[in-house]
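*Asks:* Let me give you the structure first, and then I'll get to my questions.
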Amino acid sequence: RWMQTTCGPACQACMTVDYCYRCGSKPDMEDAMGDKEIVPLFERIIENYPKDKISILSYPESREDFLESHGLELTEVEQAVDYTALGYKNFNEWIEKEKDWIEDLDHEKPYVITLDNFLSDEECDHFIKEGYRLGFEQSTKVVDLGDEGMMSDEGLVDSGRTSRNTFCSDDCYDSEINMAVMNRIEALTGIPKENSEDLQLLKYEVDEHYEEHHDAVWHWNELFCGNRIITVFLYLNDVEEGGETRLNALNIDVKPKKGMALIWPSVTNDDTDALEDWAWHEAQPVKKG
């Protein structure tokens with residue numbers, strides 16, 4: 001298989017480079033989530049998680065009464081980007097001049113929430129140690145090789161993504177702590193862990209960042225795995241300065257906090273095959289810590 005996908009022309013197996021060919025489809029598999037189920041997923045979390053540990057960073061305007069009935073409201077967060085230093089009067093002028101597509105978004109904003117103490121200190125420390133044990137490697141981007149869904153396995157080293165990463169697979173996946181966390185995420189979201197990727201462990205040094213990107217990948221809609229539905233981002237340590245997760249269209253900056261989970265949808269509530277354009281995000285450079 002390695003020779004077929006890496007040396008397709010020599011092996012006369014160019015078709016194996018195509019994810020759709022290799023993965024095929026499994027018609028007997030049920031979708032983990034269907035249309036109109038994203039908002040209920042978030043509201044189940046809001047109903048069941050301790051209210052003093054939840055922060056609501058964004059929500060659909062039509063669901064304001066739901067939040068009020070649970071004694072919750074929008075949480076204001078400190079803005080990490082100084083737009084005046086970039087030459088703009090404010091966020092709105094930056095949008096107008098640099099991100100005018102945001103002005104065209106005409107569907108409701110999604111839920112974006114944080115959950116404090118989702119991971120214990122012991123669990124955070126475990127994953128950090130596992131990352132070093134497994135070995136962090138230069139993070140890459142997915143490479144599109146054409147217009148017919150042909151994708152590369154190797155990825156692209158790019159100046160827009162300067163972190164290092166590894167995956168909690170094999171013995172890391174089977175560890176007691178990882179299974180406890182995966183089961184906790186399954187219970188929280190209602191999405192079976194079999195429908196989740198292995199946890200990706202990311203390491204950012206000072207000045208490292210990840211430019212604006214989306215977690216959903218357009219061509220995955222054609223694969224049996226389907227697209228990424230939601231992102232559950234787990235912070236393993238505090239950061240003294242910088243390193244915020246920024247959702248640009250929503251003007252939200254989330255400061256890393258050890259043990260906290262940040263959750264947002266990658267697809268829309270109305271159509272789980274459609275990318276949620278409110279969810280473009282980036283990792284701000286770490287400045288200190």
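We label chains A, B, ... in the order they appear in the structure tokens, count residues from 1 in each chain, and number ligands from 1 in the order shown.
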From a DSSP pass on the backbone, collect the residues of region 132-273 of chain A flagged as strand (DSSP E) and hand them back as a count of residues only.

*Replies:* 42

*Asks:* Determine, counting only C-alpha atoms, which protein, DNA and RNA residues have an atom within 6 Å of an atom of region 73-90 of chain A; residues of the same chain fewer than 6 positions away are not included. Present the result as a list in words.

*Replies:*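 Non-adjacent residues within range: Ser55, Ile56, Leu57 and Asp253 of chain A.
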
*Asks:* I'd like the interatomic distance between CA of Ile185 (chain A) and CA of Asp116 (chain A), to a tenth of an Å.

*Replies:*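 Between CA of Ile185 (chain A) and CA of Asp116 (chain A) the gap is 13.8 Å.
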
*Asks:* Check the DSSP output for the backbone and give back, as a VMD selection string, the residues of region 28-223 of chain A in alpha helix (DSSP H).

*Replies:* chain A and resid 38 to 48 64 to 69 91 to 98 121 to 134 176 to 189

*Asks:* Grab the CA of Pro60 (chain A) to CA of Lys193 (chain A) distance for me, in Å with one decimal place.

*Replies:*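 For CA of Pro60 (chain A) relative to CA of Lys193 (chain A), the distance reads 26.9 Å.
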
*Asks:* Given the choices A:Asp125, A:Ala216, A:Cys172, A:Arg44, which gets closest to Leu199 (chain A) if the distance is worked out from only C-alpha atoms?

*Replies:*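 The shortest atom-to-atom distance to Leu199 (chain A) comes from A:Cys172.
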
*Asks:* If we count only C-alpha atoms, what is near His107 (chain A) at a cut-off of 12 Å, once residues fewer than 2 positions away on the same chain are taken out, given as a PDB file with C-alpha atoms, in the first residue's frame?

*Replies:*
```
ATOM      1  CA  TYR A  59     -24.928  31.799  19.975  1.00  0.00           C
ATOM      2  CA  PRO A  60     -27.747  31.867  17.395  1.00  0.00           C
ATOM      3  CA  GLU A  61     -29.906  34.933  18.020  1.00  0.00           C
ATOM      4  CA  SER A  62     -33.051  32.804  17.781  1.00  0.00           C
ATOM      5  CA  ILE A 102     -17.846  38.214   6.353  1.00  0.00           C
ATOM      6  CA  GLU A 103     -20.337  41.002   5.668  1.00  0.00           C
ATOM      7  CA  ASP A 104     -22.140  38.639   3.278  1.00  0.00           C
ATOM      8  CA  LEU A 105     -22.792  35.943   5.901  1.00  0.00           C
ATOM      9  CA  LYS A 109     -24.008  32.761  14.162  1.00  0.00           C
ATOM     10  CA  PRO A 110     -23.265  29.339  15.671  1.00  0.00           C
ATOM     11  CA  THR A 268     -23.872  24.427   9.579  1.00  0.00           C
ATOM     12  CA  ASN A 269     -26.890  23.412  11.599  1.00  0.00           C
ATOM     13  CA  ASP A 270     -29.113  23.361   8.501  1.00  0.00           C
ATOM     14  CA  ASP A 271     -26.774  21.310   6.323  1.00  0.00           C
ATOM     15  CA  GLU A 276     -19.738  26.808   8.677  1.00  0.00           C
ATOM     16  CA  ASP A 277     -18.190  30.032   7.399  1.00  0.00           C
ATOM     17  CA  TRP A 278     -18.391  31.646  10.834  1.00  0.00           C
TER      18      TRP A 278
END
```

*Asks:* Show which residues sit within 12 Å of Thr162 (chain A), as JSON, numbers by chain. Count only C-alpha atoms, and ignore same-chain residues fewer than 5 positions away.

*Replies:* {"A": [137, 138, 139, 140, 141, 156, 157, 202, 203, 204, 205, 206, 207, 208, 209, 210, 211, 282, 283, 284, 285, 286]}

*Asks:* Using only C-alpha atoms, which protein or nucleic acid residues come within 6 Å of Leu201 (chain A)? Drop anything in the same chain fewer than 3 positions from it, and give the result as a ChimeraX atom specification.

*Replies:* /A:165-167

*Asks:* Can you write just those residues out, all heavy atoms, as a short mmCIF file (atom, residue, chain, number, x, y, z; two decimals), in the first residue's frame?

*Replies:*
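result_36.cif written:
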```cif
data_model
loop_
_atom_site.label_atom_id
_atom_site.label_comp_id
_atom_site.auth_asym_id
_atom_site.auth_seq_id
_atom_site.Cartn_x
_atom_site.Cartn_y
_atom_site.Cartn_z
N ASN A 165 3.40 18.79 15.75
CA ASN A 165 2.29 17.99 16.23
C ASN A 165 2.60 16.50 16.18
O ASN A 165 3.57 16.06 15.58
CB ASN A 165 1.02 18.30 15.43
CG ASN A 165 1.05 17.70 14.04
OD1 ASN A 165 2.10 17.44 13.47
ND2 ASN A 165 -0.12 17.48 13.47
N THR A 166 1.73 15.73 16.82
CA THR A 166 1.72 14.28 16.72
C THR A 166 0.31 13.83 17.07
O THR A 166 -0.54 14.65 17.44
CB THR A 166 2.77 13.64 17.66
OG1 THR A 166 2.85 12.24 17.39
CG2 THR A 166 2.39 13.83 19.12
N PHE A 167 0.03 12.54 16.93
CA PHE A 167 -1.31 12.03 17.20
C PHE A 167 -1.26 10.98 18.31
O PHE A 167 -0.33 10.18 18.38
CB PHE A 167 -1.93 11.42 15.94
CG PHE A 167 -2.38 12.44 14.94
CD1 PHE A 167 -1.49 12.96 14.02
CD2 PHE A 167 -3.69 12.90 14.94
CE1 PHE A 167 -1.89 13.91 13.09
CE2 PHE A 167 -4.10 13.85 14.02
CZ PHE A 167 -3.21 14.36 13.09
#
```

*Asks:* How many Å separate CA of Ile38 (chain A) from CA of Ile230 (chain A)?

*Replies:*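 Atom-to-atom, CA of Ile38 (chain A) to CA of Ile230 (chain A), that is 8.6 Å.
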